[in-house]
Amino acid sequence: MGLSVPVGQGAAGPVFVDLQRDGPHLLVAGTTGSGKSEFLRMLVLALSASHAPNEVNFLLIDFKGGSGLGPLAALPHCVGVLTDLDGHEIDRALVSLRTEVRRREQLLARAAVPDLARYRLSEDGAPTLPHLILVVDEFRMLIDEAPAALTELMRIAAIGRSLGIHLVMATQRPQGAINVDIRANVTSSVILRVQSDAESLDVMNAKLAATIPTDVPGRAYLIRGNAAPEEFQTATLGGTAHDTEAGHVTVMTAEEFFIAPPLPESHGDGAPVDTAEAAAPFIELARTLWLDDGGEPPHRPVAPPLPTVLSFPGPAPTSRSPDDPVPVGRLAVRLGIVDLPELQGQATLTWSPADHGHLALIGGSPRGRGTTSAGLRLLLAQWATDVRASAYLLDADGTLASAASHPLAGAVVGPRETRRAARLLARLSEEMARRLAASSAPTAALLLVVHGWGTWVSAFRSGPFAWAEDLFQDLIRGGPGAEITVIVTGERELVTARFFGSLPNRIYFPATATPESRLLWPALPKVPAIPGRVVVSGAFAASSRPDAERPVPEFTAPEDGDDGVGTGQTRYPGSTGSNYDDGPDNKASDADTFRVAQLFEPPPWTGRAMSGEAIGRDAGRALPFRVEALPDRVTVRDVASLLFTNATEVGPTERNGRDDGRFWIGLAGDEPAPVGITLPSSGVAAVLGAPGTGKSTLLETLVSLNPLTRWLQPGTQAAQDYWTGICRGADAGTLDRQAVALADDLDLSTSEVNAALRDLNARGWRVIFTAGFGPLLQQRVPLAMQARVFGKGVLLRPRSLMDGDLFGVRFDPEPHQPAGRAVLIGDGTATWVQLAVPEPSALSRKDAKGNAPEVTPEERQG
C-alpha cells in the first residue's frame with residue numbers, strides 16, 4: 001500500500017507525494033512566511049483523510065510552542081505532540097524512538113519478514129503496525145538544542161523504509177542542519193521560497209526557489225530524486241467563515257477537493273479563518289468516525305509528559321497480582337508516577353522497604369510543596385493509615401511532631417533532644433544485634449526515619465555524642481538483615497556521608513536544592529522547576545514497569561517561563577526495553593539508572609490518620625520498645641500512681657512496711673518509670689546542684705514519696721541542736737535503725753553539724769545531704785568522701801562534665817534542661833531523671849517543723 005496524497009496543484013494538474021515510493025523521507029525547506037508550516041499541516045491532514053489510524057500515525061515535533069502543529073493533536077492518527085523541547089524532553093523522546101525502532105525490528109523478526117509491506121501480508125493475529133511519520137517543524141532548532149539527536153535520526157533515516165518510519169523535516173535553512181548521512185536517505189524535497197541563491201542551490205541544485213515572489217506564499221518546487229524540479233502551488237486549509245458554517249456536507253476524495261475550481265468571490269463574507277478553526281470540523285469528524293467504528297487508540301511511541309500535579313490516589317492495594325513488583329504481604333508505599341521513556345510509558349512509583357531497602361530523600365528547602373518534607377509526609381501518611389510497621393523518627397525541624405500520637409511511633413525525637421536521639425540509635429543497634437544473633441528471622445519490620453541528617457550530624461559532632469554517627473552507619477549497613485529500614489533526608493551532609501553509598505534508593509529534589517549542593521550530585525536529567533518533580537534512582541526505580549492503563553492527557557502547550565534546573569544531561573538505561581521483548585537484554589536496568597518522576601501530593605497529615613484509628617490503637621503492642629522523652633514536670637501524685645497501680649514495681653517498702661534502701665525520687669528510662677536512690681546501710685548520697693535548682697524540693701519529694709520511711713530532718717529547729725540530740729538518741733539505742741537523715745545545704749552548715757552527721761553515719765545510719773557544686777566540697781563536707789566511696793548521688797541540672805567530678809562518672813550534658821531535670825548516679829552509671837515535685841496542696845500543709853505530711857492512702861491511689 002502506498003502513501004500517495006495530493007499536496008497541491010501544478011501546471012499539469014494535481015501534484016502528489018508518496019512517502020513510500022518517493023521517500024521514505026521528505027525535506028521541506030522555506031523561509032519565514034513562505035507557507036512551510038501550512039504545507040506540513042496540509043500534508044498531515046491529507047494523509048489522515050486517506051488512511052485510517054491503524055495504517056498511519058503521526059508524531060509531531062513543533063518548536064513553535066505548538067502553534068504550528070498543535071491544532072492537529074486531536075487527530076485519532078496523532079500519537080503525540082512535542083513542543084519547545086528542553087534537554088530532558090529531547091532525550092526522553094529519542095530514547096522512546098530508539099525503543100520504537102527496536103520494537104518494530106522485533107515484530108518483523110518474529111514474523112520473519114524483511115519490511116512493513118510484507119508484515120501486513122503475514123498471518124493474522126500479529127500486532128498492528130502502522131506507518132509512523134515523524135513531522136519535525138524547525139528541524140535546525142532540534143539539532144541545535146540536542147546535537148546528539150542527529151545520530152539517532154541518522155539511524156532512523158537509514159533503516160526507516162523497511163520499518164515504516166518516515167521523517168518529514170522542515171527547516172528554514174537546510175545548510176548545516178541536514179548532514180550528508182541524512183541527505184543520502186532523503187530523495188524527495190519540497191522547497192518553498194528561500195532567502196538566498198546558495199540555500200536554493202543547496203537543496204535543488206538551482207536558484208529557482210530564491211526567485212519565488214514574497215507575495216505568493218505556498219509556491220514551491222517538488223524534487224524527486226534526480227528528476228527536474230516541478231513547480232506547484234501547495235494546498236491550503238484556509239477558507240472563509242461561510243465555508244465552515246455550511247448547512248450540508250459534501251463528500252469528495254482528496255484529489256477532487258484539490259482540483260475543484262476556486263469559490264467565487266461572492267461566496268461567503270470573505271472573513272478568513274485560521275488553520276485551527278479550518279481543520280477542526282475534519283478532525284472532529286475523523287475522531288467520531290474512528291470511535292464509531294470501534295477503533296482503539298494507537299500505540300504511543302513517546303509517552304505524554306508527566307503531569308504537574310498529582311493527587312494521592314490512596315494506599316497501595318493489599319492484594320497484588322503476581323507481576324506486581326511488591327510481593328503480597330509486604331509494606332508498599334505509593335510515591336508518584338515515574339517516567340519510563342525506554343519502555344514507552346509511565347508507571348506508579350512504589351517503594352517497599354523489604355524488597356528495595358533504605359531510601360534517601362536529597363534536597364534543600366525542608367518546608368513547602370515539592371520538598372523533602374513533603375515527600376516524607378507522603379511516605380509517613382501511608383505508614384500511619386495502612387502499614388503495620390513500628391517506626392522511630394528523628395525530626396530536625398518539627399515537621400513530624402504530630403506522628404508522636406500514633407500507636408506505632410516508638411519515638412518522635414525533636415531537634416533539641418540530642419541525647420535522646422543518640423539513645424534511640426543505641427537501642428536500635430542493640431535490637432539489630434539481637435535480631436541478627438537470633439536463629440529465626442525477625443517477624444516485625446522496623447522503620448527508622450531521620451529527617452534533616454545535616455542538623456543531626458552537626459548536633460552529634462558538636463557534643464559528646466559523636467559515637468551516635470557510627471551507630472547510624474552500622475544501622476545502614478546491617479539493618480536490612482534485621483528487617484530494619486532507614487529513610488533519611490538531607491542535603492550536602494548526606495551526599496558526602498560515609499554511608500551514602502550504602503543507600504540503594506534515592507530521590508533527588510533538584511528544584512529545592514542549592515547550586516552548591518548540586519555540585520556534589522551525579523549528572524542528573526534536567527527537569528523543570530515544578531513542585532514534586534524529582535529524579536529517582538535505585539532498585540525501586542529500576543523495578544518499575546508501565547501501568548496497564550494510564551490516562552493520556554489532551555495536548556496543551558507548556559506555559560511560558562518554565563525554566564528547568566538540573567546538573568547535566570539525562571542518563572537513561574543503556575539498553576532499551578519493549579513490551580514485546582522477554583529476553584535478558586530487556587530486564588530492569590541497573591540501580592544507577594536515573595528516572596524522572598512526579599510525586600503525589602501528600603494526603604492529610606493530622607487528625608484521624610495520626611491518631612492511629614485507621615489501624616487500631618492496639619497496634620502499638622507490636623512495638624519492641626519505646627524511647628520516650630522524659631516529661632518536663634512530674635508530681636508526687638504521678639509517681640505514686642505508677643507505683644501503686646503496678647504491683648511489680650512496688651518494693652519491700654510497700655510490701656512489709658520497712659525499707660530496703662530504695663527511695664523513690666521521680667521518673668527515668670526510655671519508657672519513663674519510677675526510679676529511686678538505692679542506699680545500703682551506712683550509705684551516703686550527695687544531692688548536688690546550683691542555687692535554685694531544687695535541692696530542698698528533692699528532700700521534700702523524698703518525704704512525700706516514701707512515707708513509710710522514718711526521716712530525720714531539723715525542720716525549724718536549730719540544726720546543731722537537732723543533730724546533737726539525734727546522736728545522743730543513737731548512743732542510747734532509742735533511734736530507729738532504719739531512719740534516714742536528711743541534711744540540706746550541708747556545705748553551708750557549721751563544722752559541728754558536719755561532725756554530728758559524720759558520727760551518725762559512722763554508727764550505721766544512712767545520710768542524704770544536699771550541697772552546691774564546687775572544687776572544695778570534700779574539704780567543707782567530710783561526708784562527701786563517703787558519698788564518693790558509695791558512688792551514690794544526684795546532680796541537679798548539671799551544666800558541665802566537671803559537675804560530676806566527685807563521683808568520677810561521665811555523663812552527657814543536656815543544653816536545655818527543664819526544672820527538676822537531674823542525673824542519678826549509682827553503680828558506676830549516670831541516668832537522667834525527672835524529679836517529682838510535691839503537690840501544691842502538700843506544700844501548703846507543712847507542719848510547724850516544716851515537714852510535709854505523709855501521703856494518704858487515698859492520695860496514693862489518686
# chains A, B, ... in the order shown; residues from 1 in each chain; ligands from 1
$ residues_around --residues "Ala157 in chain A" --least-positions-apart "6" --cutoff "8 Å" --atoms "only C-alpha atoms" --output "ChimeraX atom specification"
/A:25,166-167,182,185-186
$ residues_around --residues "Arg41 in chain A" --least-positions-apart "5" --cutoff "9 Å" --atoms "only C-alpha atoms" --output "ChimeraX atom specification"
/A:36,46,68-69,71-72,236-237,275
$ decode --residues "range 276-310 of chain A" --atoms "N, CA, C and O atoms" --output "compact mmCIF listing (two decimals), in the first residue's frame"
# COMPACT_ATOMS: atom_id res chain seq x y z
N ALA A 276 -6.43 26.33 12.71
CA ALA A 276 -7.06 25.50 13.73
C ALA A 276 -8.57 25.43 13.52
O ALA A 276 -9.18 24.36 13.61
N GLU A 277 -9.18 26.57 13.20
CA GLU A 277 -10.62 26.58 13.01
C GLU A 277 -11.01 25.85 11.73
O GLU A 277 -12.03 25.15 11.67
N ALA A 278 -10.18 26.00 10.68
CA ALA A 278 -10.48 25.33 9.43
C ALA A 278 -10.34 23.82 9.54
O ALA A 278 -11.10 23.07 8.91
N ALA A 279 -9.38 23.35 10.35
CA ALA A 279 -9.15 21.92 10.48
C ALA A 279 -10.08 21.26 11.48
O ALA A 279 -10.26 20.04 11.44
N ALA A 280 -10.68 22.04 12.37
CA ALA A 280 -11.47 21.47 13.46
C ALA A 280 -12.61 20.57 12.99
O ALA A 280 -12.81 19.48 13.53
N PRO A 281 -13.42 20.98 11.96
CA PRO A 281 -14.52 20.09 11.53
C PRO A 281 -14.03 18.74 11.04
O PRO A 281 -14.61 17.71 11.38
N PHE A 282 -12.95 18.74 10.26
CA PHE A 282 -12.45 17.46 9.76
C PHE A 282 -11.90 16.60 10.90
O PHE A 282 -12.14 15.39 10.95
N ILE A 283 -11.17 17.22 11.83
CA ILE A 283 -10.60 16.46 12.94
C ILE A 283 -11.70 15.83 13.78
O ILE A 283 -11.64 14.65 14.15
N GLU A 284 -12.74 16.59 14.07
CA GLU A 284 -13.84 16.06 14.86
C GLU A 284 -14.56 14.94 14.13
O GLU A 284 -14.93 13.92 14.72
N LEU A 285 -14.73 15.10 12.80
CA LEU A 285 -15.37 14.06 12.02
C LEU A 285 -14.52 12.79 12.01
O LEU A 285 -15.04 11.67 12.15
N ALA A 286 -13.20 12.95 11.87
CA ALA A 286 -12.32 11.78 11.85
C ALA A 286 -12.36 11.05 13.18
O ALA A 286 -12.40 9.81 13.22
N ARG A 287 -12.36 11.77 14.28
CA ARG A 287 -12.44 11.15 15.60
C ARG A 287 -13.75 10.40 15.76
O ARG A 287 -13.79 9.27 16.27
N THR A 288 -14.84 11.03 15.35
CA THR A 288 -16.16 10.41 15.52
C THR A 288 -16.27 9.13 14.70
O THR A 288 -16.73 8.09 15.20
N LEU A 289 -15.82 9.19 13.45
CA LEU A 289 -15.90 8.00 12.60
C LEU A 289 -15.04 6.87 13.14
O LEU A 289 -15.45 5.70 13.12
N TRP A 290 -13.87 7.20 13.63
CA TRP A 290 -12.98 6.16 14.14
C TRP A 290 -13.54 5.52 15.40
O TRP A 290 -13.51 4.29 15.55
N LEU A 291 -14.09 6.32 16.30
CA LEU A 291 -14.65 5.76 17.53
C LEU A 291 -15.92 4.97 17.24
O LEU A 291 -16.15 3.92 17.84
N ASP A 292 -16.76 5.48 16.34
CA ASP A 292 -17.98 4.76 15.99
C ASP A 292 -17.68 3.42 15.35
O ASP A 292 -18.48 2.47 15.44
N ASP A 293 -16.54 3.34 14.69
CA ASP A 293 -16.15 2.09 14.04
C ASP A 293 -15.46 1.13 15.01
O ASP A 293 -14.98 0.07 14.61
N GLY A 294 -15.39 1.51 16.29
CA GLY A 294 -14.75 0.66 17.28
C GLY A 294 -13.24 0.73 17.29
O GLY A 294 -12.58 -0.17 17.82
N GLY A 295 -12.69 1.80 16.74
CA GLY A 295 -11.25 1.93 16.70
C GLY A 295 -10.65 2.17 18.06
O GLY A 295 -11.25 2.82 18.93
N GLU A 296 -9.46 1.65 18.30
CA GLU A 296 -8.76 1.82 19.55
C GLU A 296 -7.65 2.85 19.40
O GLU A 296 -7.14 3.05 18.29
N PRO A 297 -7.28 3.51 20.49
CA PRO A 297 -6.16 4.47 20.40
C PRO A 297 -4.90 3.77 19.93
O PRO A 297 -4.60 2.66 20.36
N PRO A 298 -4.14 4.39 19.05
CA PRO A 298 -2.91 3.76 18.56
C PRO A 298 -1.83 3.73 19.63
O PRO A 298 -1.87 4.45 20.62
N HIS A 299 -0.86 2.86 19.39
CA HIS A 299 0.30 2.77 20.28
C HIS A 299 1.07 4.08 20.27
O HIS A 299 1.33 4.65 19.22
N ARG A 300 1.40 4.58 21.47
CA ARG A 300 2.13 5.84 21.58
C ARG A 300 3.62 5.54 21.76
O ARG A 300 4.03 5.02 22.80
N PRO A 301 4.44 5.86 20.78
CA PRO A 301 5.88 5.60 20.92
C PRO A 301 6.54 6.48 21.97
O PRO A 301 7.55 6.11 22.56
N VAL A 302 5.98 7.68 22.21
CA VAL A 302 6.50 8.59 23.22
C VAL A 302 5.37 8.89 24.20
O VAL A 302 4.33 9.43 23.80
N ALA A 303 5.55 8.53 25.44
CA ALA A 303 4.52 8.75 26.45
C ALA A 303 4.30 10.25 26.65
O ALA A 303 5.22 11.05 26.47
N PRO A 304 3.10 10.65 27.05
CA PRO A 304 2.85 12.07 27.31
C PRO A 304 3.69 12.57 28.47
O PRO A 304 4.15 11.78 29.31
N PRO A 305 3.93 13.87 28.56
CA PRO A 305 4.73 14.40 29.68
C PRO A 305 4.07 14.10 31.01
O PRO A 305 2.86 13.90 31.12
N LEU A 306 4.88 14.05 32.03
CA LEU A 306 4.36 13.85 33.38
C LEU A 306 3.45 15.01 33.77
O LEU A 306 3.74 16.16 33.44
N PRO A 307 2.37 14.74 34.47
CA PRO A 307 1.51 15.84 34.94
C PRO A 307 2.24 16.69 35.96
O PRO A 307 3.18 16.24 36.63
N THR A 308 1.82 17.94 36.08
CA THR A 308 2.47 18.85 37.02
C THR A 308 1.92 18.73 38.44
O THR A 308 2.60 19.11 39.40
N VAL A 309 0.71 18.20 38.60
CA VAL A 309 0.12 18.00 39.92
C VAL A 309 -0.54 16.62 39.93
O VAL A 309 -1.27 16.28 39.00
N LEU A 310 -0.27 15.85 40.97
CA LEU A 310 -0.84 14.52 41.10
C LEU A 310 -1.49 14.38 42.47
O LEU A 310 -0.81 14.48 43.49
